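Peer 1: Structure supplied as coords.txt; contents: compact mmCIF, C-alpha atoms.
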# COMPACT_ATOMS: atom_id res chain seq x y z
CA MET V 1479 0.00 0.00 0.00
CA ALA V 1480 2.64 2.48 -1.02
CA GLY V 1481 1.57 6.13 -0.89
CA ALA V 1482 -1.77 5.48 0.80
CA LYS V 1483 -0.43 6.34 4.22
CA GLU V 1484 1.14 9.57 3.02
CA ILE V 1485 -2.08 10.60 1.37
CA ARG V 1486 -3.96 9.92 4.56
CA THR V 1487 -1.57 12.11 6.55
CA LYS V 1488 -1.90 14.84 3.97
CA ILE V 1489 -5.70 14.75 4.14
CA LYS V 1490 -5.54 14.99 7.90
CA SER V 1491 -3.27 18.01 7.79
CA ILE V 1492 -5.45 19.78 5.25
CA LYS V 1493 -8.48 19.07 7.38
CA SER V 1494 -6.91 20.76 10.36
CA THR V 1495 -5.93 23.74 8.24
CA GLN V 1496 -9.51 23.90 7.02
CA LYS V 1497 -10.72 23.99 10.61
CA ILE V 1498 -8.49 26.96 11.29
CA THR V 1499 -9.56 28.92 8.22
CA LYS V 1500 -13.19 28.15 9.00
CA ALA V 1501 -12.77 29.47 12.52
CA MET V 1502 -11.02 32.59 11.26
CA GLU V 1503 -13.83 33.16 8.81
CA MET V 1504 -16.45 33.06 11.52
CA VAL V 1505 -14.45 35.28 13.85
CA ALA V 1506 -13.94 37.81 11.06
CA ALA V 1507 -17.66 37.74 10.24
CA SER V 1508 -18.69 38.58 13.77
CA LYS V 1509 -15.98 41.23 14.13
CA MET V 1510 -17.06 42.77 10.87
CA ARG V 1511 -20.57 43.32 12.15
CA LYS V 1512 -19.24 45.13 15.17
CA ALA V 1513 -16.84 47.16 13.08
CA GLN V 1514 -19.68 48.21 10.79
CA GLU V 1515 -21.69 49.40 13.77
CA ARG V 1516 -18.75 51.47 14.98
CA MET V 1517 -18.39 52.88 11.50
CA ARG V 1518 -22.01 53.96 11.52
CA ALA V 1519 -21.73 55.42 15.00
CA ALA V 1520 -18.80 57.60 14.01
CA ARG V 1521 -20.58 59.02 10.99
CA PRO V 1522 -22.77 61.76 12.58
CA TYR V 1523 -19.80 63.57 14.09
CA ALA V 1524 -17.92 63.50 10.82
CA THR V 1525 -20.96 64.82 8.94
CA LYS V 1526 -21.64 67.59 11.43
CA ILE V 1527 -18.10 68.81 11.61
CA ARG V 1528 -17.97 68.80 7.84
CA ASN V 1529 -21.07 71.02 7.84
CA VAL V 1530 -19.51 73.41 10.30
CA ILE V 1531 -16.32 73.58 8.24
CA SER V 1532 -18.32 74.33 5.13
CA HIS V 1533 -20.18 77.12 6.99
CA LEU V 1534 -16.86 78.42 8.12
CA ALA V 1535 -15.46 78.42 4.62
CA HIS V 1536 -18.30 80.73 3.61
CA ALA V 1537 -18.22 82.97 6.57
CA TYR V 1538 -16.56 86.26 5.95
CA THR V 1539 -14.03 85.62 8.65
CA GLU V 1540 -11.56 88.16 9.93
CA TYR V 1541 -9.00 85.37 10.25
CA ARG V 1542 -8.28 83.22 7.23
CA SER V 1543 -6.76 79.92 8.27
CA PRO V 1544 -4.08 78.40 6.03
CA GLY V 1545 -6.11 75.21 6.33
CA LEU V 1546 -8.77 76.74 4.11
CA VAL V 1547 -6.54 78.19 1.41
CA GLU V 1548 -4.87 76.17 -1.31
CA ARG V 1549 -1.20 76.91 -1.74
CA GLU V 1550 1.56 75.78 -4.02
CA VAL V 1551 2.53 72.24 -3.19
CA LYS V 1552 6.18 71.38 -2.70
CA ARG V 1553 5.86 68.69 -0.10
CA VAL V 1554 2.89 66.57 0.83
CA GLY V 1555 2.10 64.57 3.92
CA LEU V 1556 0.48 61.20 3.54
CA ILE V 1557 -1.40 59.42 6.28
CA VAL V 1558 -1.67 55.79 5.25
CA VAL V 1559 -4.13 53.61 7.12
CA SER V 1560 -3.49 49.88 6.84
CA THR V 1561 -4.12 46.75 8.83
CA ASP V 1562 -1.90 45.27 11.49
CA ARG V 1563 -2.25 41.70 10.39
CA GLY V 1564 -2.20 39.89 7.09
CA LEU V 1565 -4.38 37.09 5.78
CA CYS V 1566 -6.92 39.53 4.47
CA GLY V 1567 -6.66 39.02 0.74
CA GLY V 1568 -5.41 41.82 -1.44
CA LEU V 1569 -6.63 44.61 0.80
CA ASN V 1570 -3.29 46.17 1.71
CA THR V 1571 -1.67 45.37 -1.60
CA ASN V 1572 -4.36 47.18 -3.55
CA LEU V 1573 -4.09 50.15 -1.23
CA PHE V 1574 -0.33 50.36 -1.61
CA LYS V 1575 -0.63 50.06 -5.33
CA THR V 1576 -2.88 53.12 -5.43
CA VAL V 1577 -0.51 55.02 -3.17
CA ILE V 1578 2.51 54.18 -5.28
CA VAL V 1579 0.82 55.46 -8.42
CA ALA V 1580 -0.03 58.74 -6.69
CA MET V 1581 3.43 59.01 -5.19
CA GLN V 1582 5.03 58.49 -8.54
CA GLN V 1583 3.01 61.35 -9.95
CA TRP V 1584 4.04 63.64 -7.15
CA ARG V 1585 7.64 62.60 -7.53
CA ASN V 1586 7.52 63.41 -11.23
CA GLN V 1587 6.30 66.89 -10.38
CA GLY V 1588 9.15 67.27 -7.94
CA VAL V 1589 6.93 67.08 -4.89
CA GLU V 1590 8.46 65.50 -1.82
CA ILE V 1591 6.53 63.10 0.36
CA ASP V 1592 6.36 62.56 4.10
CA ILE V 1593 4.56 59.46 5.25
CA CYS V 1594 2.76 58.74 8.45
CA THR V 1595 1.68 55.14 8.80
CA ILE V 1596 -1.11 53.68 10.85
CA GLY V 1597 -0.94 49.89 11.09
CA THR V 1598 2.01 47.52 10.92
CA LYS V 1599 1.60 46.55 7.28
CA ALA V 1600 2.01 50.05 5.90
CA PHE V 1601 4.97 50.67 8.15
CA GLN V 1602 6.76 47.52 7.03
CA PHE V 1603 6.05 48.30 3.43
CA PHE V 1604 7.28 51.88 3.46
CA ARG V 1605 10.24 51.10 5.68
CA ARG V 1606 11.41 48.38 3.36
CA LEU V 1607 11.14 50.75 0.44
CA LYS V 1608 12.91 53.53 2.29
CA GLY V 1609 10.00 55.94 2.27
CA ASN V 1610 10.29 58.94 4.52
CA VAL V 1611 8.21 57.68 7.45
CA VAL V 1612 7.87 60.46 10.00
CA ALA V 1613 5.36 58.89 12.35
CA HIS V 1614 3.88 55.53 13.05
CA VAL V 1615 1.24 53.98 15.27
CA SER V 1616 0.06 50.41 15.26
CA HIS V 1617 -1.68 47.75 17.31
CA LEU V 1618 -4.79 49.80 17.77
CA GLY V 1619 -6.90 46.66 17.91
CA ASP V 1620 -10.29 46.02 16.41
CA ALA V 1621 -11.94 48.89 18.25
CA PRO V 1622 -9.66 51.89 17.75
CA ARG V 1623 -10.28 54.74 20.15
CA PHE V 1624 -10.49 58.35 19.15
CA GLU V 1625 -7.41 59.14 21.21
CA ASP V 1626 -5.36 56.74 19.09
CA VAL V 1627 -5.32 59.05 16.09
CA LEU V 1628 -4.26 62.16 17.98
CA GLY V 1629 -0.51 61.51 17.82
CA PRO V 1630 -0.08 61.03 14.10
CA VAL V 1631 -2.59 63.75 13.26
CA LYS V 1632 -0.76 66.20 15.47
CA ILE V 1633 2.56 65.53 13.80
CA MET V 1634 1.07 66.09 10.37
CA ALA V 1635 -0.97 69.11 11.47
CA ASP V 1636 2.08 70.72 13.04
CA ALA V 1637 4.10 70.12 9.91
CA PHE V 1638 1.32 71.78 7.94
CA ALA V 1639 1.04 74.71 10.33
CA GLU V 1640 4.78 75.29 10.19
CA GLY V 1641 4.77 75.11 6.41
CA ARG V 1642 6.87 71.96 6.17
CA VAL V 1643 4.15 70.27 4.17
CA ASP V 1644 1.68 72.06 1.90
CA ALA V 1645 -1.09 69.49 1.82
CA ILE V 1646 -2.10 66.44 3.78
CA TYR V 1647 -3.67 63.42 2.17
CA LEU V 1648 -5.34 60.48 3.81
CA VAL V 1649 -5.12 57.02 2.27
CA TYR V 1650 -7.45 54.29 3.41
CA ASN V 1651 -9.83 51.60 2.28
CA GLU V 1652 -13.41 52.63 1.81
CA PHE V 1653 -16.00 50.09 2.85
CA VAL V 1654 -18.36 49.69 -0.09
CA ASN V 1655 -19.87 46.40 0.98
CA THR V 1656 -18.73 43.05 2.27
CA MET V 1657 -17.48 41.94 -1.10
CA SER V 1658 -15.77 45.10 -2.17
CA GLN V 1659 -13.46 47.62 -0.59
CA LYS V 1660 -12.06 50.54 -2.49
CA PRO V 1661 -8.71 52.22 -1.88
CA ARG V 1662 -9.15 55.98 -1.53
CA ILE V 1663 -6.91 58.98 -1.40
CA GLU V 1664 -8.56 62.01 0.13
CA GLN V 1665 -7.22 65.49 0.62
CA LEU V 1666 -7.53 66.50 4.25
CA VAL V 1667 -6.10 70.01 4.29
CA PRO V 1668 -6.33 72.48 2.75
CA VAL V 1669 -10.03 71.75 2.91
CA THR V 1670 -11.08 71.17 -0.67
CA ALA V 1671 -13.81 72.85 -2.65
CA GLU V 1672 -15.77 69.62 -2.43
CA VAL V 1673 -16.24 70.03 1.30
CA GLN V 1674 -16.71 73.77 0.99
CA GLU V 1675 -19.48 73.36 -1.55
CA THR V 1676 -22.92 74.69 -0.44
CA ALA V 1677 -23.49 78.15 -1.86
CA PRO V 1678 -22.98 81.25 0.28
CA THR V 1679 -25.83 83.72 0.38
CA HIS V 1680 -24.54 86.81 2.07
CA ARG V 1681 -21.56 88.05 3.99
CA TRP V 1682 -21.57 87.22 7.64
CA ASP V 1683 -19.16 86.31 10.36
CA TYR V 1684 -19.31 84.44 13.60
CA ILE V 1685 -19.16 85.87 17.04
CA TYR V 1686 -16.09 84.21 18.48
CA GLU V 1687 -15.60 83.37 22.08
CA PRO V 1688 -12.80 83.92 22.81
CA ASP V 1689 -10.39 84.13 19.88
CA PRO V 1690 -11.12 83.47 16.18
CA LYS V 1691 -7.71 82.14 15.27
CA GLU V 1692 -7.57 79.67 18.09
CA LEU V 1693 -11.12 78.49 17.53
CA ILE V 1694 -10.77 77.98 13.81
CA GLU V 1695 -7.52 76.11 14.20
CA LEU V 1696 -9.10 73.94 16.87
CA LEU V 1697 -12.04 73.24 14.63
CA LEU V 1698 -9.78 72.26 11.74
CA ARG V 1699 -7.76 70.05 14.02
CA ARG V 1700 -10.88 68.29 15.24
CA TYR V 1701 -12.00 67.94 11.66
CA GLY V 1702 -8.76 66.23 10.72
CA GLU V 1703 -8.94 63.93 13.68
CA SER V 1704 -12.49 62.94 13.03
CA VAL V 1705 -11.84 62.18 9.37
CA VAL V 1706 -8.79 60.09 10.25
CA TYR V 1707 -10.71 58.30 12.97
CA GLN V 1708 -13.51 57.57 10.53
CA ALA V 1709 -10.98 56.20 8.06
CA LEU V 1710 -9.48 54.03 10.75
CA VAL V 1711 -12.80 52.56 11.76
CA GLU V 1712 -13.74 52.01 8.15
CA ASN V 1713 -10.45 50.29 7.49
CA VAL V 1714 -11.10 47.85 10.32
CA ALA V 1715 -14.45 46.97 8.78
CA CYS V 1716 -12.70 46.47 5.43
CA GLU V 1717 -10.07 44.29 7.03
CA MET V 1718 -12.65 42.03 8.60
CA ALA V 1719 -14.76 41.80 5.46
CA SER V 1720 -11.75 41.07 3.34
CA ARG V 1721 -10.46 38.48 5.76
CA MET V 1722 -13.83 36.82 5.92
CA VAL V 1723 -13.96 36.48 2.14
CA ALA V 1724 -10.35 35.31 1.92
CA MET V 1725 -10.86 32.72 4.62
CA LYS V 1726 -14.06 31.52 3.08
CA SER V 1727 -12.33 30.84 -0.19
CA ALA V 1728 -9.45 29.19 1.66
CA THR V 1729 -11.93 26.89 3.39
CA ASP V 1730 -13.59 26.09 0.08
CA ASN V 1731 -10.23 25.37 -1.52
CA ALA V 1732 -9.26 23.09 1.32
CA GLY V 1733 -12.55 21.23 0.82
CA ALA V 1734 -11.87 20.80 -2.88
CA LEU V 1735 -8.36 19.60 -2.16
CA ILE V 1736 -9.60 17.08 0.38
CA ASP V 1737 -12.14 15.68 -2.10
CA GLU V 1738 -9.46 15.30 -4.69
CA LEU V 1739 -7.03 13.61 -2.34
CA GLN V 1740 -9.75 11.34 -1.03
CA LEU V 1741 -10.34 10.15 -4.57
CA ILE V 1742 -6.65 9.47 -5.11
CA TYR V 1743 -6.48 7.71 -1.77
CA ASN V 1744 -9.42 5.45 -2.64
CA LYS V 1745 -7.84 4.58 -5.94
CA ALA V 1746 -4.53 3.74 -4.31
CA ARG V 1747 -6.26 1.57 -1.73
CA GLN V 1748 -8.30 -0.19 -4.37
CA ALA V 1749 -5.20 -0.78 -6.47
CA SER V 1750 -3.39 -2.41 -3.59
CA ILE V 1751 -6.36 -4.64 -2.79
CA THR V 1752 -6.61 -5.71 -6.40
CA GLN V 1753 -2.93 -6.45 -6.44
CA GLU V 1754 -3.12 -8.55 -3.27
CA LEU V 1755 -6.06 -10.50 -4.68
CA ALA V 1756 -4.18 -11.14 -7.88
CA GLU V 1757 -1.22 -12.40 -5.88
CA ILE V 1758 -3.39 -14.75 -3.80
CA VAL V 1759 -5.17 -16.10 -6.87
CA GLY V 1760 -1.84 -16.50 -8.63
CA GLY V 1761 -0.40 -18.29 -5.56
CA ALA V 1762 -3.41 -20.62 -5.30
CA ALA V 1763 -3.14 -21.48 -9.01
CA ALA V 1764 0.55 -22.34 -8.58
CA VAL V 1765 -0.23 -24.77 -5.78
CA MET D 1278 -46.52 78.21 17.31
CA ALA D 1279 -43.27 78.78 19.08
CA MET D 1280 -40.15 79.12 16.98
CA THR D 1281 -37.83 76.20 17.21
CA LEU D 1282 -34.18 75.48 16.94
CA HIS D 1283 -32.64 72.34 15.54
CA VAL D 1284 -29.99 70.91 17.81
CA ASP D 1285 -27.45 68.20 17.09
CA ILE D 1286 -25.24 66.93 19.85
CA VAL D 1287 -22.61 64.51 18.59
CA SER D 1288 -19.47 62.98 19.95
CA ALA D 1289 -16.84 61.25 17.86
CA GLU D 1290 -18.13 57.84 18.76
CA LYS D 1291 -21.87 58.43 18.66
CA GLU D 1292 -24.81 60.78 18.17
CA LEU D 1293 -26.26 61.93 21.47
CA PHE D 1294 -29.20 64.07 20.47
CA SER D 1295 -30.82 65.42 17.35
CA GLY D 1296 -34.11 67.25 17.17
CA ALA D 1297 -36.12 70.46 17.51
CA VAL D 1298 -36.00 72.36 20.77
CA GLU D 1299 -37.09 75.70 22.22
CA MET D 1300 -33.85 76.56 23.88
CA VAL D 1301 -30.35 75.23 24.55
CA THR D 1302 -28.08 76.03 27.44
CA ALA D 1303 -24.40 75.18 27.14
CA PRO D 1304 -21.29 75.78 29.22
CA GLY D 1305 -19.31 78.15 26.98
CA GLU D 1306 -15.74 78.90 27.84
CA LEU D 1307 -16.54 82.46 28.81
CA GLY D 1308 -19.70 81.59 30.64
CA GLU D 1309 -23.00 79.83 30.42
CA LEU D 1310 -24.80 80.42 27.12
CA GLY D 1311 -28.53 80.28 26.58
CA ILE D 1312 -29.43 80.05 22.92
CA LEU D 1313 -32.84 80.78 21.48
CA PRO D 1314 -33.93 80.60 17.84
CA ARG D 1315 -32.51 83.36 15.60
CA HIS D 1316 -29.40 83.71 17.64
CA SER D 1317 -26.66 85.17 15.47
CA GLN D 1318 -23.78 82.99 14.29
CA LEU D 1319 -21.43 82.05 17.03
CA LEU D 1320 -18.49 79.77 17.50
CA THR D 1321 -17.11 78.90 20.89
CA ARG D 1322 -15.29 76.32 22.90
CA LEU D 1323 -17.14 74.44 25.60
CA LYS D 1324 -16.07 73.72 29.12
CA PRO D 1325 -16.86 70.40 30.69
CA GLY D 1326 -20.38 70.65 32.02
CA GLN D 1327 -24.03 70.19 31.31
CA VAL D 1328 -25.86 70.91 28.12
CA ARG D 1329 -29.57 71.42 28.71
CA VAL D 1330 -32.13 71.36 25.96
CA ARG D 1331 -35.72 72.42 26.48
CA LEU D 1332 -37.98 70.37 24.26
CA LEU D 1333 -41.16 71.70 22.72
CA GLY D 1334 -43.42 70.77 25.59
CA GLY D 1335 -41.13 72.48 28.07
CA GLU D 1336 -39.60 69.19 29.12
CA GLU D 1337 -35.85 69.36 29.73
CA GLN D 1338 -33.08 66.95 28.83
CA LEU D 1339 -29.59 66.96 30.21
CA PHE D 1340 -26.33 65.90 28.61
CA TYR D 1341 -22.85 65.92 29.97
CA VAL D 1342 -20.04 67.10 27.72
CA SER D 1343 -16.39 67.02 28.65
CA GLY D 1344 -15.55 69.96 26.44
CA GLY D 1345 -15.84 70.47 22.71
CA LEU D 1346 -17.05 73.05 20.24
CA LEU D 1347 -20.34 74.83 19.78
CA GLU D 1348 -21.50 76.30 16.51
CA VAL D 1349 -24.61 78.41 16.27
CA GLN D 1350 -26.42 79.23 13.05
CA PRO D 1351 -29.72 81.08 13.28
CA HIS D 1352 -31.79 77.91 13.31
CA VAL D 1353 -29.24 75.18 13.79
CA VAL D 1354 -27.02 74.50 16.74
CA THR D 1355 -24.26 71.95 16.51
CA ILE D 1356 -22.41 70.70 19.55
CA LEU D 1357 -19.28 68.73 18.77
CA SER D 1358 -18.49 67.09 22.04
CA ASP D 1359 -15.10 65.66 22.90
CA THR D 1360 -15.26 62.08 23.99
CA ALA D 1361 -12.52 61.91 26.52
CA GLU D 1362 -10.64 64.25 28.74
CA ARG D 1363 -7.97 65.88 26.69
CA ALA D 1364 -5.02 67.96 27.52
CA ARG D 1365 -2.57 69.68 25.28
CA ASP D 1366 0.36 67.73 26.71
CA LEU D 1367 -1.48 64.45 26.19
CA ASP D 1368 -1.57 65.11 22.45
CA GLU D 1369 2.08 65.98 22.56
CA VAL D 1370 3.01 62.71 24.24
CA ALA D 1371 1.05 60.74 21.68
CA ALA D 1372 2.72 62.64 18.87
CA GLN D 1373 6.17 62.09 20.28
CA SER D 1374 5.74 58.39 20.72
CA ALA D 1375 4.38 58.03 17.19
CA LYS D 1376 7.41 59.84 15.87
CA GLN D 1377 9.85 57.81 17.89
CA ARG D 1378 8.40 54.54 16.76
CA ALA D 1379 9.02 55.57 13.19
CA GLU D 1380 12.50 56.90 13.82
CA GLN D 1381 13.68 53.95 15.85
CA VAL D 1382 13.64 51.64 12.93
CA ILE D 1383 14.61 53.80 9.99
CA ALA D 1384 17.25 55.89 11.71
CA ASP D 1385 20.11 54.60 9.63
CA SER D 1386 18.99 53.86 6.13
CA ARG D 1387 17.26 56.88 4.69
CA SER D 1388 17.69 57.29 0.99
CA GLU D 1389 15.55 57.63 -2.09
CA PHE D 1390 12.20 55.95 -2.05
CA GLU D 1391 12.65 52.92 -4.20
CA PHE D 1392 9.85 53.11 -6.69
CA ALA D 1393 11.23 50.39 -8.86
CA ARG D 1394 11.39 47.96 -6.00
CA ALA D 1395 7.96 48.96 -4.76
CA LYS D 1396 6.52 48.30 -8.15
CA VAL D 1397 8.19 44.95 -8.49
CA GLU D 1398 7.03 43.85 -5.06
CA LEU D 1399 3.49 44.96 -5.63
CA ALA D 1400 3.42 43.44 -9.06
CA GLU D 1401 4.54 40.15 -7.55
CA ALA D 1402 1.93 40.24 -4.84
CA ILE D 1403 -0.80 41.08 -7.30
CA ALA D 1404 0.35 38.43 -9.72
CA GLN D 1405 0.17 35.91 -6.91
CA LEU D 1406 -3.34 36.94 -6.07
CA GLN D 1407 -4.40 36.80 -9.68
CA THR D 1408 -2.86 33.39 -10.10
CA ILE D 1409 -4.72 32.12 -7.10
CA ALA D 1410 -7.96 33.50 -8.47
CA LYS D 1411 -7.28 31.95 -11.86
CA LEU D 1412 -6.40 28.58 -10.36
CA ARG D 1413 -9.57 28.62 -8.39
CA LYS D 1414 -11.62 29.35 -11.45
CA GLN D 1415 -9.97 26.51 -13.34
CA ARG D 1416 -10.57 24.14 -10.51
CA LYS D 1417 -14.21 25.02 -10.44
CA SER D 1418 -14.76 24.63 -14.16
CA GLY D 1419 -12.45 21.61 -14.52
Please rewrite the model in this file as structure tokens.
Peer 2:
Amino acid sequence: MAGAKEIRTKIKSIKSTQKITKAMEMVAASKMRKAQERMRAARPYATKIRNVISHLAHAYTEYRSPGLVEREVKRVGLIVVSTDRGLCGGLNTNLFKTVIVAMQQWRNQGVEIDICTIGTKAFQFFRRLKGNVVAHVSHLGDAPRFEDVLGPVKIMADAFAEGRVDAIYLVYNEFVNTMSQKPRIEQLVPVTAEVQETAPTHRWDYIYEPDPKELIELLLRRYGESVVYQALVENVACEMASRMVAMKSATDNAGALIDELQLIYNKARQASITQELAEIVGGAAAV
Amino acid sequence: MAMTLHVDIVSAEKELFSGAVEMVTAPGELGELGILPRHSQLLTRLKPGQVRVRLLGGEEQLFYVSGGLLEVQPHVVTILSDTAERARDLDEVAAQSAKQRAEQVIADSRSEFEFARAKVELAEAIAQLQTIAKLRKQRKSG
């Protein structure tokens, strides 16, 4: 029975792998639901602060924040949101691909790039490729807290305020639905026309308590943080969805493999039985 | 009918209140603010404290905010509440540690970003993924 034993061992090992992928799939599915809820919960704040910013952009303010005015771009800051762990299909790879294309364009225009990474995968990627990584946070877990984004956002915001970078972009995966996640690059500051949309009617200004400059800067800072937080939460949902799909197909593949091996095993077993029978019959005939 | 004011109270992690009210009271940085409909535009920081909203029937609801921002438009009030206690130095610490983590590892080898290598690596990864997808398709049809 040559080979039959090896095949049996192989089937066993694939079965245990299948158990693992199946378990990972179910864990990812349940985590995804929670992540989606968090994503939804974070949305109202992001929408409201966006509204306020768009009001602000139309107010006839005595203080014009650099965060609201486009300027010539010589250096950009990138905040790249990725996952901490792998085994989630092509999620990170697709994201990095999009980033690289954008980076190449900037490089061709002579624009320098500072990178801030959130999540281990992005950090490893950009470190290996010798990108200029100025800040990094990782291991935020499945339920990132708002405080977690403060550090990296502050570094980028300070760089912007001091004029070291002229624009900040955010790169993350947008959660379209369970089956599809889309890499996105979004301009954070200066606040783009898209956010500033809604038409102004007349000239007006706020009453500020206490100081306009401080308040507007604070508002912009909060805006940045909330957008980054939203991206982070959304990325977690993407990670889970992507992992769920990847693990499901891994489980299916393992099943197919097992079926195939089982067939080969049966054949091998049958062959050896036939051979033994033939030998016995042959032996009996000789006697 | 009494004039009303639309109030939204949101924090980064959830929406606390949204609806029409007669009046809002909030702890502004320079003192308690009572806002009625048709208040002129105002922007202020909030101190930790209570936000009270008086609903249409005169019923009152209380919310606690630990600071944040208040925006007033004539008929819309938006309260962007901070979730946690925050201090300027806390942000600074977070920023520093984020920076250090990055610097620790890349301190020595900083040179040109290697586009060529990035492309090759990504192309490889994508090719792998595509191959897997293709194999799977074949297996299914075959």
Peer 1: Which residues, written as a list in words, have at least one atom at most 6 Å from range 1284-1295 of chain D, with only C-alpha atoms counted and residues fewer than 5 positions away on the same chain left out?
Peer 2: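 Listing them by chain and then by number gives Ala1519, Ala1520 and Tyr1523 of chain V; Val1353, Val1354, Thr1355, Ile1356, Leu1357, Ser1358, Asp1359 and Thr1360 of chain D.
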Peer 1: May I have the residues of chain V within 7 Å of chain D, counting only C-alpha atoms, written as a CSV table (one decimal) with C-alpha atoms, in the frame of the given file?
Peer 2:
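Result file is iface-v8.csv:
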chain,number,residue,atom,x,y,z
V,1519,ALA,CA,-21.7,55.4,15.0
V,1520,ALA,CA,-18.8,57.6,14.0
V,1522,PRO,CA,-22.8,61.8,12.6
V,1523,TYR,CA,-19.8,63.6,14.1
V,1571,THR,CA,-1.7,45.4,-1.6
V,1575,LYS,CA,-0.6,50.1,-5.3
V,1605,ARG,CA,10.2,51.1,5.7
V,1607,LEU,CA,11.1,50.8,0.4
V,1608,LYS,CA,12.9,53.5,2.3
V,1609,GLY,CA,10.0,55.9,2.3
V,1611,VAL,CA,8.2,57.7,7.4
V,1612,VAL,CA,7.9,60.5,10.0
V,1613,ALA,CA,5.4,58.9,12.4
V,1614,HIS,CA,3.9,55.5,13.0
V,1615,VAL,CA,1.2,54.0,15.3
V,1628,LEU,CA,-4.3,62.2,18.0
V,1629,GLY,CA,-0.5,61.5,17.8
V,1630,PRO,CA,-0.1,61.0,14.1
V,1632,LYS,CA,-0.8,66.2,15.5
V,1633,ILE,CA,2.6,65.5,13.8
V,1683,ASP,CA,-19.2,86.3,10.4
V,1684,TYR,CA,-19.3,84.4,13.6
V,1685,ILE,CA,-19.2,85.9,17.0
V,1686,TYR,CA,-16.1,84.2,18.5
V,1687,GLU,CA,-15.6,83.4,22.1
V,1688,PRO,CA,-12.8,83.9,22.8
V,1693,LEU,CA,-11.1,78.5,17.5
V,1704,SER,CA,-12.5,62.9,13.0
Peer 1: Give as a PDB file with C-alpha atoms, in the coordinates of the input each residue that has an atom at most 10 Å from (-6.4, 73.2, -3.4) in the file, counting all atoms listed in the file.
Peer 2:
ATOM      1  CA  GLY V1545      -6.110  75.210   6.330  1.00  0.00           C
ATOM      2  CA  LEU V1546      -8.770  76.740   4.110  1.00  0.00           C
ATOM      3  CA  VAL V1547      -6.540  78.190   1.410  1.00  0.00           C
ATOM      4  CA  GLU V1548      -4.870  76.170  -1.310  1.00  0.00           C
ATOM      5  CA  ARG V1549      -1.200  76.910  -1.740  1.00  0.00           C
ATOM      6  CA  GLU V1550       1.560  75.780  -4.020  1.00  0.00           C
ATOM      7  CA  VAL V1551       2.530  72.240  -3.190  1.00  0.00           C
ATOM      8  CA  ASP V1644       1.680  72.060   1.900  1.00  0.00           C
ATOM      9  CA  ALA V1645      -1.090  69.490   1.820  1.00  0.00           C
ATOM     10  CA  GLN V1665      -7.220  65.490   0.620  1.00  0.00           C
ATOM     11  CA  VAL V1667      -6.100  70.010   4.290  1.00  0.00           C
ATOM     12  CA  PRO V1668      -6.330  72.480   2.750  1.00  0.00           C
ATOM     13  CA  VAL V1669     -10.030  71.750   2.910  1.00  0.00           C
ATOM     14  CA  THR V1670     -11.080  71.170  -0.670  1.00  0.00           C
ATOM     15  CA  ALA V1671     -13.810  72.850  -2.650  1.00  0.00           C
TER      16      ALA V1671
END
Peer 1: Any idea what the distance is between CA of Lys1414 in chain D and CA of Glu1484 in chain V?
Peer 2: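 Pair CA of Lys1414 in chain D / CA of Glu1484 in chain V returns 27.6 Å.
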Peer 1: Fewer than 6 positions away in the same chain doesn't count, so skip those; otherwise give me all residues within 10 Å of Glu1299 in chain D, counting only C-alpha atoms, as a PDB file with C-alpha atoms, in the coordinates of the input.
Peer 2:
ATOM      1  CA  ALA D1279     -43.270  78.780  19.080  1.00  0.00           C
ATOM      2  CA  MET D1280     -40.150  79.120  16.980  1.00  0.00           C
ATOM      3  CA  THR D1281     -37.830  76.200  17.210  1.00  0.00           C
ATOM      4  CA  LEU D1282     -34.180  75.480  16.940  1.00  0.00           C
ATOM      5  CA  HIS D1283     -32.640  72.340  15.540  1.00  0.00           C
ATOM      6  CA  VAL D1284     -29.990  70.910  17.810  1.00  0.00           C
ATOM      7  CA  ILE D1312     -29.430  80.050  22.920  1.00  0.00           C
ATOM      8  CA  LEU D1313     -32.840  80.780  21.480  1.00  0.00           C
ATOM      9  CA  PRO D1314     -33.930  80.600  17.840  1.00  0.00           C
ATOM     10  CA  VAL D1330     -32.130  71.360  25.960  1.00  0.00           C
ATOM     11  CA  ARG D1331     -35.720  72.420  26.480  1.00  0.00           C
ATOM     12  CA  LEU D1332     -37.980  70.370  24.260  1.00  0.00           C
ATOM     13  CA  LEU D1333     -41.160  71.700  22.720  1.00  0.00           C
ATOM     14  CA  GLY D1334     -43.420  70.770  25.590  1.00  0.00           C
ATOM     15  CA  GLY D1335     -41.130  72.480  28.070  1.00  0.00           C
ATOM     16  CA  GLU D1336     -39.600  69.190  29.120  1.00  0.00           C
ATOM     17  CA  GLU D1337     -35.850  69.360  29.730  1.00  0.00           C
TER      18      GLU D1337
END
Peer 1: Interatomic distance between CA of Ala1507 in chain V and CA of Gly1619 in chain V?
Peer 2: 15.9 Å
Peer 1: Calculate how many Å separate CA of Lys1691 in chain V from CA of Arg1542 in chain V, rounding to one decimal.
Peer 2: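 Answer for the CA of Lys1691 in chain V to CA of Arg1542 in chain V separation: 8.1 Å.
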Peer 1: Do a neighbour search on Lys1512 in chain V at 10 Å with all atoms listed in the file, toss out local chain neighbours closer than 2 positions, and write the hits as a CSV table (one decimal) with C-alpha atoms, in the frame of the given file.
Peer 2:
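The resulting file, result_20.csv, is reproduced below:
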chain,number,residue,atom,x,y,z
V,1506,ALA,CA,-13.9,37.8,11.1
V,1507,ALA,CA,-17.7,37.7,10.2
V,1508,SER,CA,-18.7,38.6,13.8
V,1509,LYS,CA,-16.0,41.2,14.1
V,1510,MET,CA,-17.1,42.8,10.9
V,1514,GLN,CA,-19.7,48.2,10.8
V,1515,GLU,CA,-21.7,49.4,13.8
V,1516,ARG,CA,-18.8,51.5,15.0
V,1517,MET,CA,-18.4,52.9,11.5
V,1518,ARG,CA,-22.0,54.0,11.5
V,1620,ASP,CA,-10.3,46.0,16.4
V,1621,ALA,CA,-11.9,48.9,18.2
V,1714,VAL,CA,-11.1,47.8,10.3
V,1715,ALA,CA,-14.4,47.0,8.8
V,1718,MET,CA,-12.6,42.0,8.6
